[in-house]
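Visitor: What follows is upload-v1.cif, mmCIF, C-alpha atoms.
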data_final
#
loop_
_atom_site.label_atom_id
_atom_site.label_comp_id
_atom_site.auth_asym_id
_atom_site.auth_seq_id
_atom_site.Cartn_x
_atom_site.Cartn_y
_atom_site.Cartn_z
CA MET A 17 -29.22 -80.57 -55.25
CA LYS A 18 -27.35 -81.57 -52.14
CA LYS A 19 -27.55 -85.24 -53.20
CA VAL A 20 -26.18 -84.36 -56.65
CA MET A 21 -23.23 -82.52 -55.04
CA ILE A 22 -22.48 -85.47 -52.78
CA LEU A 23 -22.74 -87.82 -55.72
CA LEU A 24 -20.39 -85.63 -57.82
CA SER A 25 -17.94 -85.37 -54.90
CA MET A 26 -17.93 -89.16 -54.51
CA MET A 27 -17.38 -89.63 -58.27
CA PHE A 28 -14.53 -87.11 -58.13
CA LEU A 29 -12.89 -88.97 -55.20
CA ILE A 30 -13.33 -92.34 -56.89
CA THR A 31 -11.88 -91.01 -60.16
CA THR A 32 -8.98 -89.37 -58.33
CA ASN A 33 -8.24 -92.58 -56.40
CA CYS A 34 -8.43 -94.66 -59.59
CA MET A 35 -6.07 -92.30 -61.37
CA ALA A 36 -3.68 -92.36 -58.39
CA ALA A 37 -3.80 -96.16 -58.34
CA ALA A 38 -3.15 -96.28 -62.09
CA ASP A 39 -0.24 -93.87 -61.67
CA ALA A 40 1.13 -96.02 -58.82
CA ASP A 41 0.81 -99.16 -60.98
CA ALA A 42 2.56 -97.40 -63.86
CA ALA A 43 5.32 -96.19 -61.53
CA ALA A 44 5.75 -99.69 -60.06
CA LYS A 45 5.94 -101.20 -63.57
CA ALA A 46 8.46 -98.55 -64.64
CA ALA A 47 10.56 -99.28 -61.53
CA THR A 48 10.44 -103.04 -62.23
CA ASP A 49 11.39 -102.49 -65.88
CA ALA A 50 14.24 -100.19 -64.83
CA ALA A 51 15.50 -102.79 -62.32
CA LYS A 52 15.44 -105.53 -64.99
CA LEU A 53 17.28 -103.27 -67.44
CA ALA A 54 19.87 -102.39 -64.78
CA ALA A 55 20.41 -106.08 -63.98
CA GLN A 56 20.84 -106.89 -67.68
CA ASN A 57 23.21 -103.96 -68.15
CA GLN A 58 25.23 -105.08 -65.12
CA PHE A 59 25.54 -108.59 -66.61
CA GLU A 60 26.17 -107.26 -70.11
CA GLY A 61 29.69 -106.36 -71.15
CA LEU A 62 33.26 -107.29 -70.41
CA GLY A 63 33.97 -109.73 -67.58
CA PHE A 64 36.80 -111.85 -66.24
CA GLY A 65 36.80 -115.38 -64.89
CA VAL A 66 38.94 -118.15 -63.44
CA GLY A 67 38.23 -121.82 -63.99
CA VAL A 68 39.33 -125.17 -65.32
CA SER A 69 39.56 -126.44 -68.87
CA TYR A 70 39.85 -129.69 -70.74
CA THR A 71 41.85 -129.80 -73.98
CA TYR A 72 41.75 -132.61 -76.53
CA ASP A 73 44.38 -132.47 -79.29
CA LEU A 74 43.12 -132.67 -82.86
CA GLN A 75 46.48 -133.56 -84.40
CA LYS A 76 47.90 -137.07 -84.66
CA THR A 77 51.27 -136.09 -83.19
CA LYS A 78 51.32 -137.00 -79.49
CA ARG A 79 52.66 -134.75 -76.76
CA ILE A 80 55.66 -136.63 -75.38
CA ARG A 81 56.77 -135.94 -71.83
CA SER A 82 59.45 -138.64 -71.79
CA ALA A 83 60.76 -141.61 -73.74
CA ILE A 84 63.49 -144.22 -73.28
CA ILE A 85 65.49 -146.62 -75.43
CA ASP A 86 64.76 -150.18 -74.29
CA GLY A 87 67.15 -153.15 -74.22
CA ALA A 88 66.35 -153.97 -77.87
CA GLY A 89 67.28 -150.41 -78.98
CA LYS A 90 63.68 -149.33 -79.66
CA VAL A 91 62.14 -146.01 -78.66
CA ARG A 92 59.51 -146.48 -75.96
CA VAL A 93 57.34 -143.56 -74.88
CA THR A 94 56.92 -143.56 -71.09
CA GLU A 95 54.72 -140.44 -70.70
CA GLU A 96 52.43 -138.89 -73.31
CA ASP A 97 49.39 -136.58 -73.39
CA VAL A 98 46.49 -136.40 -75.82
CA SER A 99 44.27 -134.47 -73.45
CA LEU A 100 44.98 -132.03 -70.64
CA ALA A 101 43.13 -130.49 -67.72
CA ARG A 102 44.39 -127.02 -66.78
CA VAL A 103 43.61 -123.88 -64.82
CA ILE A 104 42.50 -121.01 -67.05
CA LEU A 105 42.12 -117.27 -66.90
CA GLU A 106 39.48 -115.92 -69.26
CA THR A 107 37.85 -112.71 -70.39
CA HIS A 108 34.48 -112.61 -72.09
CA TYR A 109 31.84 -110.24 -73.40
CA PHE A 110 28.24 -111.16 -72.60
CA PHE A 111 25.16 -110.09 -74.48
CA PRO A 112 22.26 -110.62 -72.05
CA VAL A 113 19.52 -113.01 -73.05
CA ASN A 114 17.63 -112.02 -69.87
CA ASP A 115 18.66 -110.88 -66.37
CA ARG A 116 20.11 -114.34 -65.54
CA ILE A 117 21.66 -115.59 -68.81
CA GLY A 118 24.34 -114.08 -71.02
CA PHE A 119 26.02 -115.33 -74.18
CA GLY A 120 29.12 -114.18 -76.06
CA PRO A 121 32.75 -114.67 -77.11
CA PHE A 122 35.70 -115.42 -74.81
CA ILE A 123 39.49 -115.54 -74.87
CA ALA A 124 41.32 -117.83 -72.44
CA LEU A 125 44.93 -118.00 -71.30
CA MET A 126 46.55 -120.99 -69.63
CA PRO A 127 49.40 -119.93 -67.36
CA GLY A 128 52.48 -122.09 -67.68
CA THR A 129 55.09 -123.42 -65.30
CA GLN A 130 58.07 -122.84 -67.60
CA THR A 131 56.58 -120.02 -69.69
CA VAL A 132 54.23 -117.21 -68.74
CA ILE A 133 51.52 -118.38 -71.15
CA ASP A 134 51.26 -122.09 -71.92
CA ALA A 135 48.32 -121.87 -74.36
CA ILE A 136 45.64 -119.52 -75.68
CA GLY A 137 42.07 -120.34 -76.65
CA ALA A 138 38.95 -118.64 -77.98
CA GLY A 139 35.32 -119.56 -78.49
CA VAL A 140 31.79 -118.90 -77.27
CA MET A 141 30.51 -118.91 -73.71
CA LEU A 142 27.22 -119.13 -71.86
CA GLY A 143 27.01 -117.32 -68.50
CA LEU A 144 24.47 -118.31 -65.85
CA LYS A 145 23.85 -116.19 -62.75
CA ARG A 146 23.05 -117.94 -59.52
CA GLU A 147 19.38 -117.47 -58.63
CA LYS A 148 19.96 -115.61 -55.37
CA ASP A 149 22.37 -113.15 -57.07
CA ALA A 150 20.32 -112.63 -60.25
CA PRO A 151 18.83 -109.18 -59.65
CA SER A 152 21.91 -107.33 -58.43
CA SER A 153 25.14 -109.20 -59.22
CA SER A 154 27.28 -109.73 -62.28
CA SER A 155 28.95 -112.89 -60.90
CA SER A 156 28.13 -116.06 -62.80
CA PHE A 157 29.09 -119.63 -63.63
CA ASN A 158 30.23 -119.85 -67.25
CA ILE A 159 30.49 -122.73 -69.70
CA GLY A 160 32.56 -122.30 -72.85
CA ALA A 161 33.71 -124.24 -75.90
CA GLY A 162 36.20 -123.34 -78.61
CA VAL A 163 39.66 -124.00 -80.00
CA ILE A 164 43.03 -123.80 -78.30
CA VAL A 165 46.59 -123.42 -79.55
CA ASP A 166 49.56 -124.68 -77.58
CA PRO A 167 52.64 -122.99 -79.11
CA LYS A 168 55.31 -125.19 -77.47
CA VAL A 169 54.45 -128.88 -77.41
CA GLN A 170 57.25 -131.42 -77.05
CA VAL A 171 57.11 -134.25 -79.62
CA LEU A 172 59.59 -136.83 -80.90
CA GLY A 173 62.19 -135.35 -83.26
CA ASP A 174 62.12 -135.88 -87.02
CA GLY A 175 62.93 -139.49 -87.98
CA ILE A 176 62.36 -140.84 -84.47
CA VAL A 177 59.31 -143.11 -84.33
CA GLU A 178 57.73 -144.73 -81.30
CA ASN A 179 58.36 -148.51 -81.01
CA GLN A 180 61.08 -148.43 -83.69
CA ALA A 181 64.86 -148.29 -83.49
CA LEU A 182 66.66 -144.96 -83.59
CA PRO A 183 67.82 -143.80 -87.05
CA ALA A 184 71.30 -144.98 -88.09
CA GLY A 185 74.12 -143.12 -86.35
CA GLU A 186 71.96 -141.75 -83.49
CA THR A 187 72.42 -142.77 -79.88
CA ALA A 188 69.89 -140.60 -78.03
CA ILE A 189 66.26 -139.58 -78.37
CA ARG A 190 65.77 -136.11 -79.84
CA TYR A 191 62.73 -133.97 -79.17
CA LYS A 192 61.39 -130.90 -80.90
CA SER A 193 58.85 -128.23 -80.03
CA THR A 194 55.85 -127.63 -82.24
CA SER A 195 52.42 -126.06 -81.96
CA GLN A 196 49.27 -128.12 -81.49
CA VAL A 197 45.62 -127.22 -82.06
CA GLY A 198 42.85 -128.77 -79.99
CA ILE A 199 39.29 -128.54 -78.78
CA LEU A 200 38.73 -126.59 -75.55
CA VAL A 201 35.86 -127.11 -73.10
CA MET A 202 35.87 -125.04 -69.94
CA GLY A 203 33.98 -123.90 -66.89
CA SER A 204 34.73 -120.68 -65.00
CA PHE A 205 33.41 -118.25 -62.42
CA ARG A 206 33.01 -114.59 -63.26
CA PHE A 207 34.17 -112.16 -60.62
#
Could you render the structure from this file as structure tokens?
Guide:
Amino acid sequence: MKKVMILLSMMFLITTNCMAAADADAAAKAATDAAKLAAQNQFEGLGFGVGVSYTYDLQKTKRIRSAIIDGAGKVRVTEEDVSLARVILETHYFFPVNDRIGFGPFIALMPGTQTVIDAIGAGVMLGLKREKDAPSSSSSFNIGAGVIVDPKVQVLGDGIVENQALPAGETAIRYKSTSQVGILVMGSFRF
């Protein structure tokens, strides 16, 4: 009888230890799952970033910075832009793919030197957390692509054509402002 009691006591201790170990494993798994969810939730949502962008105009009209009239009376463009590199400010909303990658829409503003906002863009963005910051930080490196609108682009005035003489009766080069649409590619850091 004494051996049976010892055997039952040992079975009880083993069962209790197994149940405690199972509870500890379940608690550890729950804590890990909660930490992953918290990291995703920290990455998910509205964020802001600063970076650089590259714009390539889709329209045939060139951005003209300056032009002259040469000795033969023809209009010669001295500075033009088809593509631009600029500093950008952006805001985005990330939907987490996992605790290190997010994906979502963005809006970007390009501050100007003569106007407050030089251009505005929108598109989609991929956010990548740095490995060492992945569990606890929302900072990331972001890559985005979309469209951009420049509302005030200087171009040659109506009737004035590059490498041709000025229209009859005109003595100076006229410019006009127009809007241009282009492709935007950008990289930024979320803070």
Visitor: As a PyMOL selection string, please: the residues near A:Glu60 (cut-off 7 Å, all atoms listed in the file, same-chain neighbours under 6 positions excluded).
Guide: chain A and resi 110-112
Visitor: Please, could you write that set of residues out with C-alpha atoms as a JSON list (two decimals), in the coordinates of the input?
Guide:
[["chain", "number", "residue", "atom", "x", "y", "z"],
["A", 110, "PHE", "CA", 28.24, -111.16, -72.60],
["A", 111, "PHE", "CA", 25.16, -110.09, -74.48],
["A", 112, "PRO", "CA", 22.26, -110.62, -72.05]]
Visitor: Written as a list in words, which residues does the PyMOL selection byres ((chain A and resi 98-109) around 6) give for the file shown?
Guide: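 So the PyMOL selection byres ((chain A and resi 98-109) around 6) ends up selecting Gly61, Leu62, Gly63, Phe64, Gly65, Val66, Gly67, Val68, Ser69, Tyr70, Thr71, Tyr72, Asp73, Asp97, Phe110, Gly120, Pro121, Phe122, Ile123, Ala124, Leu125 and Met126 of chain A.
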Visitor: Please provide as a ChimeraX atom specification all residues within 7 Å of A:Gly162, with the sequence filter that same-chain residues fewer than 3 positions apart are discarded (counting all atoms listed in the file).
Guide: /A:137-140,199-201
Visitor: Could you check which of A:Ser204, A:Asn179, A:Gln170, A:Thr131 is closest to A:Lys192, using only C-alpha atoms?
Guide: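 Closest to A:Lys192, using only C-alpha atoms: A:Gln170.
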Visitor: Which residues are near A:Ile85? Cut-off 9 Å, only C-alpha atoms, ignore same chain within fewer than 4 positions. Put them as a list in words.
Guide: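 Selected residues are Gly89, Lys90, Val91, Arg92, Val93, Ala181, Leu182, Ala188 and Ile189 of chain A.
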Visitor: One decimal, Å: what's the distance from atom CA of A:Ile80 over to atom CA of A:Gly203, could you say?
Guide: 26.5 Å
Visitor: Between atom CA of A:Ile164 and atom CA of A:Asn114, measure the distance and give it in Å to one decimal.
Guide: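 Between atom CA of A:Ile164 and atom CA of A:Asn114 the gap works out to 29.2 Å.
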Visitor: Selection in question (the file shown): the PyMOL selection byres ((chain A and resi 75) around 7). Which residues does it include, as JSON, numbers by chain?
Guide: {"A": [73, 74, 76, 77, 196, 197]}
Visitor: Rounded to one decimal in Å, what is the spacing between atom CA of A:Lys168 and atom CA of A:Ala184?
Guide: 27.6 Å
Visitor: Using only C-alpha atoms, which of A:Gly198, A:Gly128, A:Gly118, A:Gly175 sits nearest A:Lys145?
Guide: A:Gly118
